[in-house]
file final.cif (mmCIF, C-alpha atoms)
data_run
loop_
_atom_site.label_atom_id
_atom_site.label_comp_id
_atom_site.auth_asym_id
_atom_site.auth_seq_id
_atom_site.Cartn_x
_atom_site.Cartn_y
_atom_site.Cartn_z
CA MET A 176 79.49 133.71 41.84
CA PHE A 177 82.43 133.93 39.45
CA SER A 178 83.48 130.70 37.76
CA ASP A 179 86.98 130.72 39.26
CA GLU A 180 85.63 131.10 42.77
CA LEU A 181 83.02 128.40 42.14
CA LEU A 182 85.69 126.01 40.87
CA HIS A 183 87.77 126.74 43.95
CA ARG A 184 84.83 126.04 46.27
CA LEU A 185 83.91 122.84 44.42
CA ALA A 186 87.53 121.72 44.74
CA VAL A 187 87.29 122.31 48.49
CA ALA A 188 84.06 120.29 48.60
CA LEU A 189 85.82 117.44 46.78
CA GLY A 190 88.78 117.76 49.17
CA ILE A 191 86.47 117.47 52.16
CA GLY A 192 85.05 114.26 50.74
CA LEU A 193 88.55 112.93 50.05
CA LEU A 194 89.68 113.73 53.61
CA ILE A 195 86.78 111.97 55.31
CA GLY A 196 86.84 109.20 52.69
CA LEU A 197 90.52 108.56 53.41
CA GLU A 198 89.73 107.64 57.01
CA ARG A 199 86.62 105.64 56.06
CA GLY A 200 88.39 103.83 53.24
CA TRP A 201 91.44 102.99 55.35
CA ARG A 202 89.24 101.53 58.08
CA ALA A 203 87.48 99.29 55.53
CA ARG A 204 90.64 98.51 53.53
CA ASP A 205 90.52 94.77 54.28
CA GLU A 206 87.01 94.35 52.91
CA GLY A 207 86.66 93.09 49.37
CA GLU A 208 85.09 94.93 46.43
CA GLY A 209 81.33 95.20 46.91
CA GLU A 210 81.49 94.24 50.60
CA ARG A 211 81.19 97.80 51.93
CA ALA A 212 78.47 100.38 51.43
CA ALA A 213 80.82 103.36 51.09
CA GLY A 214 84.56 103.85 50.85
CA PHE A 215 87.13 106.36 49.71
CA ARG A 216 85.57 107.16 46.32
CA THR A 217 81.99 107.25 47.62
CA PHE A 218 82.78 109.80 50.31
CA ALA A 219 84.77 111.90 47.83
CA LEU A 220 81.80 111.92 45.47
CA SER A 221 79.48 112.70 48.40
CA GLY A 222 81.38 115.90 49.18
CA LEU A 223 81.38 116.91 45.51
CA LEU A 224 77.67 116.10 45.21
CA GLY A 225 76.92 118.39 48.12
CA GLY A 226 78.93 121.13 46.45
CA ILE A 227 77.13 120.68 43.12
CA CYS A 228 73.69 120.79 44.76
CA ALA A 229 74.69 123.97 46.59
CA ALA A 230 75.98 125.48 43.34
CA LEU A 231 72.55 124.90 41.78
CA VAL A 232 70.78 126.92 44.47
CA PRO A 233 71.15 130.30 42.68
CA LEU A 234 69.73 128.73 39.52
CA ALA A 235 67.01 126.40 40.82
CA GLY A 236 66.36 127.59 44.36
CA ALA A 237 67.04 126.13 47.79
CA LEU A 238 64.62 123.27 47.17
CA VAL A 239 67.17 121.48 44.98
CA LEU A 240 69.63 121.37 47.88
CA ALA A 241 67.00 120.09 50.30
CA ALA A 242 65.87 117.45 47.80
CA GLY A 243 69.46 116.43 47.13
CA LEU A 244 70.22 116.06 50.83
CA LEU A 245 67.06 114.03 51.42
CA ALA A 246 67.66 111.71 48.47
CA PHE A 247 71.31 111.24 49.38
CA SER A 248 70.51 110.52 53.03
CA LEU A 249 67.86 107.93 52.18
CA ALA A 250 70.06 106.16 49.62
CA PHE A 251 73.14 106.23 51.86
CA ALA A 252 71.18 104.96 54.87
CA ALA A 253 69.59 102.17 52.78
CA PHE A 254 72.95 100.83 51.60
CA HIS A 255 74.36 100.96 55.12
CA TRP A 256 71.30 99.10 56.40
CA LEU A 257 71.95 96.35 53.88
CA GLU A 258 75.60 96.21 54.92
CA ALA A 259 74.64 96.07 58.60
CA GLN A 260 72.22 93.21 57.90
CA ALA A 261 74.95 91.24 56.17
CA ASP A 262 77.69 91.93 58.73
CA GLN A 263 75.48 92.10 61.84
CA ASP A 264 77.40 95.28 62.72
CA PHE A 265 74.88 98.00 63.53
CA SER A 266 76.35 101.49 63.79
CA ALA A 267 75.03 104.91 62.72
CA THR A 268 78.52 106.44 62.51
CA GLY A 269 78.96 105.74 58.79
CA VAL A 270 75.56 107.22 57.90
CA VAL A 271 76.19 110.35 59.98
CA ALA A 272 79.65 110.72 58.43
CA GLY A 273 78.16 110.47 54.93
CA ILE A 274 75.48 113.08 55.62
CA LEU A 275 78.09 115.36 57.19
CA THR A 276 80.30 115.00 54.11
CA PHE A 277 77.44 116.05 51.84
CA ALA A 278 76.48 118.96 54.13
CA LEU A 279 80.06 120.21 54.47
CA GLY A 280 80.53 120.01 50.71
CA ALA A 281 77.43 122.17 50.30
CA TYR A 282 78.58 124.61 52.97
CA ALA A 283 81.98 124.95 51.28
CA VAL A 284 80.11 126.42 48.28
CA LEU A 285 77.53 128.53 50.09
CA GLY A 286 79.32 129.47 53.31
CA GLU A 287 82.76 130.15 54.77
CA VAL A 288 85.38 127.85 53.26
CA ARG A 289 87.65 127.86 56.31
CA VAL A 290 84.80 126.85 58.60
CA ALA A 291 83.88 123.97 56.28
CA VAL A 292 87.49 122.74 56.14
CA ALA A 293 87.91 123.03 59.93
CA ALA A 294 84.71 121.07 60.50
CA ALA A 295 85.87 118.39 58.03
CA VAL A 296 89.16 118.03 59.90
CA ALA A 297 87.24 117.67 63.17
CA VAL A 298 85.00 114.99 61.63
CA ALA A 299 87.98 113.04 60.28
CA ALA A 300 89.79 113.29 63.62
CA LEU A 301 86.78 112.04 65.58
CA LEU A 302 86.37 109.11 63.19
CA ALA A 303 90.07 108.23 63.36
CA LEU A 304 90.18 108.40 67.18
CA LYS A 305 87.52 105.73 67.68
CA GLN A 306 89.69 103.30 69.67
CA PRO A 307 91.39 105.90 71.93
CA LEU A 308 88.08 107.60 72.68
CA HIS A 309 86.37 104.32 73.50
CA ALA A 310 89.31 103.28 75.68
CA TRP A 311 89.12 106.62 77.51
CA LEU A 312 85.38 106.15 78.09
CA ARG A 313 85.99 102.69 79.52
CA ARG A 314 88.46 104.19 82.02
CA LEU A 315 86.00 106.83 83.21
CA THR A 316 84.16 106.19 86.45
CA TRP A 317 80.63 107.29 87.23
CA PRO A 318 81.76 109.73 89.99
CA GLU A 319 83.99 111.47 87.42
CA ILE A 320 81.17 111.77 84.90
CA ARG A 321 78.77 112.97 87.59
CA ALA A 322 81.26 115.53 88.88
CA GLY A 323 81.83 116.92 85.40
CA LEU A 324 78.09 117.19 84.73
CA VAL A 325 77.46 118.90 88.06
CA LEU A 326 80.23 121.43 87.51
CA LEU A 327 79.02 122.13 83.98
CA ALA A 328 75.57 122.77 85.35
CA MET A 329 76.97 125.01 88.07
CA SER A 330 79.03 126.89 85.48
CA PHE A 331 76.45 127.44 82.78
CA LEU A 332 73.32 127.56 84.96
CA LEU A 333 74.49 129.08 88.23
CA LEU A 334 77.25 131.40 87.03
CA PRO A 335 74.90 133.65 85.00
CA LEU A 336 72.64 133.93 88.07
CA LEU A 337 75.37 134.98 90.51
CA PRO A 338 75.70 138.72 91.21
CA ASP A 339 78.49 140.19 89.11
CA ARG A 340 79.30 142.92 91.62
CA PRO A 341 80.84 143.21 95.10
CA VAL A 342 78.38 142.11 97.77
CA ASP A 343 80.38 142.82 100.92
CA PRO A 344 80.93 146.09 102.80
CA TRP A 345 84.60 146.16 101.75
CA ASP A 346 83.92 145.78 97.99
CA ALA A 347 86.22 142.75 97.84
CA LEU A 348 83.94 139.79 97.09
CA ASN A 349 82.34 139.39 93.66
CA PRO A 350 80.47 136.03 93.68
CA ALA A 351 80.47 135.58 89.90
CA GLU A 352 84.17 136.40 89.65
CA ILE A 353 85.14 134.11 92.53
CA TRP A 354 83.19 131.19 91.08
CA LEU A 355 84.69 131.75 87.64
CA LEU A 356 88.21 131.73 89.11
CA ALA A 357 87.46 128.47 90.92
CA ILE A 358 86.24 126.93 87.65
CA ILE A 359 89.45 128.02 85.86
CA ILE A 360 91.68 126.37 88.45
CA ALA A 361 89.50 123.23 88.57
CA ALA A 362 89.63 122.90 84.79
CA LEU A 363 93.40 123.36 84.70
CA SER A 364 93.84 120.82 87.48
CA PHE A 365 91.55 118.40 85.65
CA VAL A 366 94.02 118.38 82.74
CA GLY A 367 96.63 116.92 85.06
CA TYR A 368 94.12 114.58 86.67
CA VAL A 369 93.11 113.15 83.28
CA ALA A 370 96.75 112.89 82.22
CA VAL A 371 97.57 110.80 85.28
CA ARG A 372 94.53 108.60 84.63
CA ILE A 373 95.62 108.05 81.02
CA ILE A 374 99.27 107.42 81.88
CA GLY A 375 98.32 104.84 84.47
CA ALA A 376 99.35 104.10 88.00
CA ARG A 377 102.83 102.71 87.27
CA ALA A 378 104.21 105.44 85.05
CA GLY A 379 107.71 106.84 84.67
CA ILE A 380 108.84 109.53 87.09
CA VAL A 381 109.07 112.24 84.42
CA LEU A 382 105.57 111.72 83.04
CA LEU A 383 104.17 111.35 86.52
CA ALA A 384 105.81 114.56 87.76
CA VAL A 385 104.66 116.64 84.78
CA ALA A 386 101.11 115.32 84.60
CA GLY A 387 100.61 115.19 88.35
CA ALA A 388 101.97 118.70 88.93
CA LEU A 389 99.35 120.11 86.57
CA ALA A 390 96.83 118.95 89.15
CA SER A 391 98.85 119.24 92.37
CA SER A 392 102.61 119.57 92.76
CA THR A 393 102.11 119.00 96.49
CA ALA A 394 100.54 115.60 95.81
CA VAL A 395 103.50 114.69 93.60
CA THR A 396 105.95 115.75 96.31
CA LEU A 397 104.15 113.75 98.99
CA THR A 398 104.01 110.67 96.77
CA LEU A 399 107.66 110.75 95.72
CA ALA A 400 108.85 111.60 99.24
CA ARG A 401 107.03 108.61 100.73
CA MET A 402 108.53 106.38 98.06
CA ALA A 403 112.04 107.57 98.97
CA LYS A 404 111.60 106.38 102.55
CA GLY A 405 113.97 103.45 102.96
CA ARG A 406 115.13 103.61 99.29
CA ALA A 407 118.36 105.58 99.39
CA GLU A 408 119.41 104.28 95.98
CA GLY A 409 116.39 105.94 94.32
CA ALA A 410 116.65 109.35 95.99
CA GLY A 411 118.29 110.98 92.98
CA VAL A 412 115.58 110.26 90.44
CA LEU A 413 112.82 110.95 92.96
CA ALA A 414 114.36 114.31 93.82
CA GLY A 415 114.55 115.05 90.11
CA GLY A 416 110.85 114.33 89.83
CA ILE A 417 110.04 116.72 92.69
CA LEU A 418 112.13 119.50 91.14
CA LEU A 419 110.46 118.90 87.78
CA ALA A 420 107.04 119.11 89.47
CA SER A 421 108.09 122.43 91.02
CA ALA A 422 109.00 123.74 87.57
CA VAL A 423 105.53 122.79 86.30
CA MET A 424 103.94 124.49 89.33
CA VAL A 425 105.79 127.76 88.65
CA GLY A 426 104.93 127.56 84.95
CA ARG A 427 101.30 127.05 85.87
CA VAL A 428 101.39 130.25 87.95
CA LEU A 429 102.67 132.16 84.92
CA VAL A 430 99.96 130.71 82.67
CA VAL A 431 97.15 131.57 85.10
CA THR A 432 98.54 135.07 85.62
CA PHE A 433 98.77 135.69 81.90
CA ALA A 434 95.21 134.47 81.36
CA LEU A 435 93.79 136.83 84.00
CA ASN A 436 96.11 139.85 83.89
CA PRO A 437 98.69 139.91 81.06
CA ALA A 438 100.24 143.11 82.39
CA LEU A 439 101.29 141.25 85.55
CA VAL A 440 103.33 138.72 83.61
CA LEU A 441 106.06 141.23 82.75
CA PRO A 442 107.32 141.78 86.34
CA LEU A 443 106.97 138.04 87.00
CA ALA A 444 108.59 136.75 83.83
CA TRP A 445 112.20 137.20 84.95
CA PRO A 446 112.03 135.80 88.52
CA LEU A 447 109.66 132.93 87.78
CA GLY A 448 111.24 132.20 84.39
CA THR A 449 114.67 132.01 86.02
CA ALA A 450 113.34 129.70 88.74
CA ILE A 451 111.79 127.43 86.10
CA LEU A 452 115.10 127.14 84.27
CA VAL A 453 116.93 126.23 87.48
CA PHE A 454 114.30 123.66 88.44
CA LEU A 455 114.45 122.13 84.96
CA ALA A 456 118.23 122.05 84.99
CA GLY A 457 118.42 120.48 88.44
CA GLY A 458 115.63 118.01 87.81
CA GLY A 459 116.97 117.08 84.39
CA PHE A 460 120.47 116.50 85.78
CA LEU A 461 119.20 114.19 88.51
CA LEU A 462 116.87 112.32 86.16
CA LEU A 463 119.55 111.80 83.52
CA ARG A 464 121.87 110.36 86.19
CA ARG A 465 119.32 107.68 87.05
CA THR A 466 120.72 104.19 87.48
CA GLY A 467 119.23 100.72 87.41
CA GLY A 468 116.54 100.11 89.93
CA GLU A 469 115.41 103.75 90.00
CA GLY A 470 112.91 103.62 87.20
CA GLU A 471 109.87 102.27 89.00
CA GLY A 472 107.03 104.75 89.05
CA PRO A 473 104.98 105.25 92.23
CA GLU A 474 101.26 105.20 92.76
CA LEU A 475 99.84 108.75 92.57
CA THR A 476 96.36 109.32 93.98
CA LEU A 477 94.68 112.64 93.14
CA THR A 478 91.31 114.03 94.11
CA ASN A 479 89.08 114.75 91.16
CA PRO A 480 89.18 118.60 90.96
CA LEU A 481 85.80 118.65 89.22
CA GLU A 482 84.05 117.29 92.30
CA LEU A 483 81.59 119.92 93.48
CA GLY A 484 82.99 119.82 97.00
CA VAL A 485 86.54 120.47 95.76
CA ALA A 486 85.36 123.36 93.58
CA LEU A 487 83.38 124.92 96.45
CA LYS A 488 86.39 124.56 98.73
CA MET A 489 88.60 126.32 96.18
CA ALA A 490 86.01 129.10 95.79
CA ALA A 491 85.89 129.56 99.57
CA ILE A 492 89.70 129.75 99.80
CA ILE A 493 89.82 132.30 96.98
CA ALA A 494 87.11 134.40 98.68
CA VAL A 495 88.95 134.35 102.01
CA VAL A 496 92.27 135.31 100.43
CA MET A 497 90.70 138.12 98.38
CA LEU A 498 88.94 139.50 101.45
CA LEU A 499 92.09 139.29 103.57
CA ALA A 500 94.13 140.88 100.78
CA LYS A 501 91.71 143.81 100.68
CA LEU A 502 91.59 144.28 104.45
CA VAL A 503 95.31 143.71 105.03
CA GLY A 504 96.26 145.96 102.13
CA ASP A 505 94.08 148.80 103.36
CA ARG A 506 95.28 148.54 106.97
CA PHE A 507 98.88 147.35 106.80
CA GLY A 508 99.91 148.26 103.25
CA ASP A 509 102.39 146.34 101.13
CA THR A 510 104.08 144.67 104.10
CA GLY A 511 100.79 143.12 105.19
CA LEU A 512 100.21 141.74 101.70
CA TYR A 513 103.63 140.14 101.69
CA VAL A 514 102.90 138.49 105.06
CA LEU A 515 99.56 137.24 103.71
CA ALA A 516 101.35 135.84 100.64
CA ALA A 517 103.80 133.97 102.84
CA VAL A 518 101.01 132.48 104.95
CA SER A 519 98.99 131.52 101.86
CA GLY A 520 102.03 129.87 100.30
CA LEU A 521 102.22 127.43 103.20
CA ALA A 522 99.21 125.60 101.77
CA ASP A 523 98.64 126.67 98.16
CA VAL A 524 99.70 129.22 95.55
CA ASP A 525 96.60 129.16 93.34
CA ALA A 526 94.29 131.23 95.55
CA LEU A 527 96.91 133.92 96.16
CA THR A 528 97.86 134.01 92.48
CA LEU A 529 94.24 134.42 91.39
CA SER A 530 93.59 137.12 93.98
CA MET A 531 96.65 139.16 93.09
CA ALA A 532 96.03 138.79 89.36
CA ARG A 533 92.49 140.14 89.72
CA MET A 534 93.42 142.98 92.09
CA ALA A 535 96.68 144.11 90.45
CA GLY A 536 96.29 147.48 88.81
CA SER A 537 93.17 148.33 90.82
CA GLY A 538 94.12 149.08 94.41
CA ILE A 539 97.35 147.05 94.32
CA SER A 540 100.31 147.97 92.13
CA LEU A 541 101.66 145.45 89.64
CA GLU A 542 105.02 145.38 91.45
CA VAL A 543 103.45 144.60 94.83
CA ALA A 544 101.19 141.91 93.32
CA ALA A 545 104.17 140.36 91.56
CA GLY A 546 106.18 140.39 94.78
CA ALA A 547 103.35 138.72 96.69
CA ILE A 548 103.04 135.95 94.08
CA ALA A 549 106.80 135.42 94.09
CA ILE A 550 106.80 135.14 97.90
CA ALA A 551 103.95 132.61 97.83
CA VAL A 552 105.81 130.52 95.26
CA ALA A 553 109.03 130.66 97.31
CA VAL A 554 107.26 129.67 100.55
CA ASN A 555 105.39 126.84 98.84
CA THR A 556 108.69 125.58 97.41
CA ALA A 557 110.24 125.67 100.89
CA VAL A 558 107.30 123.66 102.23
CA LYS A 559 108.05 120.95 99.66
CA CYS A 560 111.62 120.80 100.98
CA VAL A 561 110.25 120.23 104.47
CA MET A 562 107.97 117.47 103.14
CA ALA A 563 110.94 115.81 101.45
CA GLY A 564 112.83 115.76 104.74
CA ALA A 565 109.94 114.77 106.99
CA LEU A 566 108.46 112.05 104.78
CA GLY A 567 111.43 110.98 102.68
CA SER A 568 115.09 110.26 103.25
CA PRO A 569 117.95 112.57 104.31
CA ARG A 570 119.52 112.33 100.84
CA LEU A 571 116.22 113.26 99.19
CA ALA A 572 115.90 116.26 101.52
CA VAL A 573 119.42 117.45 100.68
CA LEU A 574 118.90 117.15 96.92
CA VAL A 575 115.46 118.79 96.88
CA THR A 576 116.50 121.55 99.29
CA GLY A 577 119.69 122.26 97.37
CA GLY A 578 117.95 122.52 94.01
CA SER A 579 115.07 124.54 95.45
CA ALA A 580 117.39 126.92 97.29
CA VAL A 581 119.29 127.67 94.10
CA ALA A 582 116.03 128.23 92.23
CA ILE A 583 114.68 130.59 94.92
CA ALA A 584 117.95 132.51 95.10
CA ALA A 585 118.16 132.82 91.31
CA GLY A 586 114.53 133.94 91.11
CA ALA A 587 115.03 136.48 93.91
CA GLY A 588 118.13 137.85 92.19
CA ALA A 589 116.28 138.18 88.91
CA PHE A 590 113.39 139.90 90.70
CA LEU A 591 115.70 142.42 92.34
CA LEU A 592 117.45 143.12 89.05
CA ALA A 593 114.11 143.62 87.33
CA GLN A 594 113.01 146.03 90.07
CA GLY A 595 115.99 148.05 89.67
#

call {"tool": "encode", "arguments": {"input": "final.cif", "output": "structure tokens"}}
result
Amino acid sequence: MFSDELLHRLAVALGIGLLIGLERGWRARDEGEGERAAGFRTFALSGLLGGICAALVPLAGALVLAAGLLAFSLAFAAFHWLEAQADQDFSATGVVAGILTFALGAYAVLGEVRVAVAAAVAVAALLALKQPLHAWLRRLTWPEIRAGLVLLAMSFLLLPLLPDRPVDPWDALNPAEIWLLAIIIAALSFVGYVAVRIIGARAGIVLLAVAGALASSTAVTLTLARMAKGRAEGAGVLAGGILLASAVMVGRVLVVTFALNPALVLPLAWPLGTAILVFLAGGGFLLLRRTGGEGEGPELTLTNPLELGVALKMAAIIAVVMLLAKLVGDRFGDTGLYVLAAVSGLADVDALTLSMARMAGSGISLEVAAGAIAIAVAVNTAVKCVMAGALGSPRLAVLVTGGSAVAIAAGAGAFLLAQG
């Protein structure tokens, strides 16, 4: 190894130690001199020591690195044991961090520098996020942990065992593909579920609408509509929250479509993008006009999307929609698909979106698939207007329906212009 490259790699090893040592030293900044086993300088030297031992491997063999790691680990662990005895604070985190610093310093010399730096950043971030991570763990419930473990097992144990081919006479149902699509939607919904759990039950309307809509925009609409019942003075901000949730729902459709079939995004970008802008403009206008007494956030209850029953239900819905799309498309053509999209949109847009994204370009044209998704989104938006009127107040219904109607009309106009 050339001397310039070796110096560069040793500098990276030292930098890794400095990065991890910065977090460790800051955490122990209130302790006096000699009261801590390792601080900023010790971790910096640990990274450099790992780099030096690795640099000696071409000259003295790999044994020098192994001996260096063993000696360092024993000495580091011994000093931390003494510190733990004195402070009665028993934790292996500091020892593991020290060994990782040495190992990453060595890898920076022998391996890929970028990987070593990325790993060091991850180590420092995990150490720095101790309180938030522990607070998050305290908020978790056993059913949530169990559901996540079950779904992970179903994903990584069952998914490889499922047939990755059509198993029905119509060549429409691929078990492995259907289960994978259900996992994708469950994972995306779980982001919103976790966000709502972190935000808390009495959050602001904006945060609640955005986080909740990642999991279920319908749940957000139902919650805000019920809150508007008998609260005419708060209808404006609640309607703004519903419109904002609709914008998140449409954006989610675009993200899922892009992940599964990027070619389908192009015919959808103009209509759905236009609808998102209108929803954001309408929701933002109503939220910015909020007055005193409108800022209370409602309770939002969501079903954990990582529950096995919820995932199986989603997989069943996707399978039914994909089968119907195949049968209806073959028998009734494009018109039948549009009718199926409208019916699907009455309850949910995810299953129809996933089905069209997987089938577009193979049996269904991109334009027809895009039109079906747009219809499902429009129908689902109209259903939210009905919810606002049936469960909320007349003023809420007028505001939500007005904003949604403009968004649907603008999206339809953009779709027609894009078609031609």

call {"tool": "resolve_selection", "arguments": {"input": "final.cif", "expression": "the PyMOL selection byres ((chain A and resi 220) around 10)", "output": "list in words"}}
result
Ala188, Leu189, Gly190, Ile191, Gly192, Leu193, Gly196, Phe215, Arg216, Thr217, Phe218, Ala219, Ser221, Gly222, Leu223, Leu224, Gly225, Gly226, Thr276, Phe277 and Gly280 of chain A

call {"tool": "axis_aligned_box", "arguments": {"input": "final.cif", "around": "segment 182-198 of chain A", "padding_each_side": "4 Å", "output": "lines of an AutoDock Vina configuration file"}}
result
center_x = 87.2
center_y = 117.2
center_z = 48.9
size_x = 14.6
size_y = 27.1
size_z = 24.1

call {"tool": "closest_residue", "arguments": {"input": "final.cif", "among": "A:Pro344, A:Glu198, A:Leu527, A:Ser540", "to": "Leu304 of chain A", "atoms": "all atoms listed in the file"}}
result
A:Glu198

call {"tool": "resolve_selection", "arguments": {"input": "final.cif", "expression": "the PyMOL selection byres ((chain A and resi 494) around 9)", "output": "count of residues only"}}
result
17

call {"tool": "atom_distance", "arguments": {"input": "final.cif", "atom1": "atom CA of Ala351 of chain A", "atom2": "atom CA of Ala535 of chain A"}}
result
18.3 Å

call {"tool": "closest_residue", "arguments": {"input": "final.cif", "among": "A:Leu487, A:Ile274, A:Leu315, A:Ala517", "to": "Trp354 of chain A", "atoms": "only C-alpha atoms"}}
result
A:Leu487

call {"tool": "resolve_selection", "arguments": {"input": "final.cif", "expression": "the PyMOL selection byres ((chain A and resi 292) around 9)", "output": "list in words"}}
result
Val187, Ala188, Gly190, Ile191, Leu279, Ala283, Glu287, Val288, Arg289, Val290, Ala291, Ala293, Ala294, Ala295, Val296 and Ala297 of chain A

call {"tool": "closest_atom_pairs", "arguments": {"input": "final.cif", "of": "segment 295-391 of chain A", "to": "segment 446-468 of chain A", "cutoff": "12 Å", "atoms": "all atoms listed in the file", "output": "JSON lines"}}
result
{"residue": "A:Gly379", "atom": "CA", "partner": "A:Leu462", "partner_atom": "CA", "distance": 10.8}
{"residue": "A:Ile380", "atom": "CA", "partner": "A:Leu462", "partner_atom": "CA", "distance": 8.6}
{"residue": "A:Val381", "atom": "CA", "partner": "A:Leu462", "partner_atom": "CA", "distance": 8.0}
{"residue": "A:Leu382", "atom": "CA", "partner": "A:Leu462", "partner_atom": "CA", "distance": 11.7}
{"residue": "A:Ala384", "atom": "CA", "partner": "A:Gly458", "partner_atom": "CA", "distance": 10.4}
{"residue": "A:Val385", "atom": "CA", "partner": "A:Leu455", "partner_atom": "CA", "distance": 11.2}

call {"tool": "closest_residue", "arguments": {"input": "final.cif", "among": "A:Ala186, A:Ile227, A:Leu275, A:Leu326", "to": "Gly484 of chain A", "atoms": "all atoms listed in the file"}}
result
A:Leu326

call {"tool": "residues_around", "arguments": {"input": "final.cif", "residues": "Ala565 of chain A", "least_positions_apart": "5", "cutoff": "10 Å", "atoms": "all atoms listed in the file", "output": "list of chain:residue names"}}
result
A:Leu397, A:Ala400, A:Arg401, A:Lys404, A:Lys559, A:Cys560, A:Ala572

call {"tool": "closest_residue", "arguments": {"input": "final.cif", "among": "A:Arg314, A:Arg570, A:Arg340, A:Arg506", "to": "Gly409 of chain A", "atoms": "only C-alpha atoms"}}
result
A:Arg570

call {"tool": "atom_distance", "arguments": {"input": "final.cif", "atom1": "atom CA of Ala272 of chain A", "atom2": "atom CA of Ile195 of chain A"}}
result
7.9 Å

call {"tool": "residues_around", "arguments": {"input": "final.cif", "residues": "Thr528 of chain A", "least_positions_apart": "6", "cutoff": "8 Å", "atoms": "only C-alpha atoms", "output": "VMD selection string"}}
result
chain A and resid 428 431 to 432 548

call {"tool": "write_last_selection", "arguments": {"input": "final.cif", "atoms": "C-alpha atoms", "output": "short mmCIF file (atom, residue, chain, number, x, y, z; two decimals), in the coordinates of the input"}}
result
data_model
loop_
_atom_site.label_atom_id
_atom_site.label_comp_id
_atom_site.auth_asym_id
_atom_site.auth_seq_id
_atom_site.Cartn_x
_atom_site.Cartn_y
_atom_site.Cartn_z
CA VAL A 428 101.39 130.25 87.95
CA VAL A 431 97.15 131.57 85.10
CA THR A 432 98.54 135.07 85.62
CA ILE A 548 103.04 135.95 94.08
#

call {"tool": "build_atoms", "arguments": {"input": "final.cif", "residues": "segment 220-231 of chain A", "atoms": "N, CA, C and O atoms", "output": "mmCIF file, keeping the file's coordinate frame"}}
result
data_model
loop_
_atom_site.group_PDB
_atom_site.id
_atom_site.type_symbol
_atom_site.label_atom_id
_atom_site.label_comp_id
_atom_site.auth_asym_id
_atom_site.auth_seq_id
_atom_site.Cartn_x
_atom_site.Cartn_y
_atom_site.Cartn_z
ATOM 1 N N LEU A 220 82.913 111.505 46.322
ATOM 2 C CA LEU A 220 81.800 111.920 45.470
ATOM 3 C C LEU A 220 80.676 112.555 46.296
ATOM 4 O O LEU A 220 79.978 113.455 45.801
ATOM 5 N N SER A 221 80.514 112.120 47.547
ATOM 6 C CA SER A 221 79.480 112.700 48.400
ATOM 7 C C SER A 221 79.755 114.174 48.674
ATOM 8 O O SER A 221 78.850 115.029 48.628
ATOM 9 N N GLY A 222 81.027 114.500 48.969
ATOM 10 C CA GLY A 222 81.380 115.900 49.180
ATOM 11 C C GLY A 222 81.158 116.723 47.925
ATOM 12 O O GLY A 222 80.626 117.848 47.979
ATOM 13 N N LEU A 223 81.561 116.189 46.768
ATOM 14 C CA LEU A 223 81.380 116.910 45.510
ATOM 15 C C LEU A 223 79.902 117.054 45.176
ATOM 16 O O LEU A 223 79.462 118.113 44.686
ATOM 17 N N LEU A 224 79.105 116.017 45.470
ATOM 18 C CA LEU A 224 77.670 116.100 45.210
ATOM 19 C C LEU A 224 77.028 117.208 46.044
ATOM 20 O O LEU A 224 76.172 117.960 45.543
ATOM 21 N N GLY A 225 77.434 117.306 47.298
ATOM 22 C CA GLY A 225 76.920 118.390 48.120
ATOM 23 C C GLY A 225 77.280 119.746 47.560
ATOM 24 O O GLY A 225 76.458 120.673 47.548
ATOM 25 N N GLY A 226 78.513 119.868 47.058
ATOM 26 C CA GLY A 226 78.930 121.130 46.450
ATOM 27 C C GLY A 226 78.144 121.448 45.193
ATOM 28 O O GLY A 226 77.754 122.606 44.963
ATOM 29 N N ILE A 227 77.896 120.469 44.349
ATOM 30 C CA ILE A 227 77.130 120.680 43.120
ATOM 31 C C ILE A 227 75.693 121.109 43.437
ATOM 32 O O ILE A 227 75.146 122.040 42.830
ATOM 33 N N CYS A 228 75.064 120.424 44.384
ATOM 34 C CA CYS A 228 73.690 120.790 44.760
ATOM 35 C C CYS A 228 73.638 122.224 45.296
ATOM 36 O O CYS A 228 72.699 122.982 44.992
ATOM 37 N N ALA A 229 74.650 122.599 46.088
ATOM 38 C CA ALA A 229 74.690 123.970 46.590
ATOM 39 C C ALA A 229 74.913 124.968 45.463
ATOM 40 O O ALA A 229 74.357 126.073 45.469
ATOM 41 N N ALA A 230 75.720 124.589 44.460
ATOM 42 C CA ALA A 230 75.980 125.480 43.340
ATOM 43 C C ALA A 230 74.728 125.700 42.490
ATOM 44 O O ALA A 230 74.606 126.725 41.798
ATOM 45 N N LEU A 231 73.788 124.764 42.542
ATOM 46 C CA LEU A 231 72.550 124.900 41.780
ATOM 47 C C LEU A 231 71.508 125.778 42.467
ATOM 48 O O LEU A 231 70.492 126.125 41.850
#
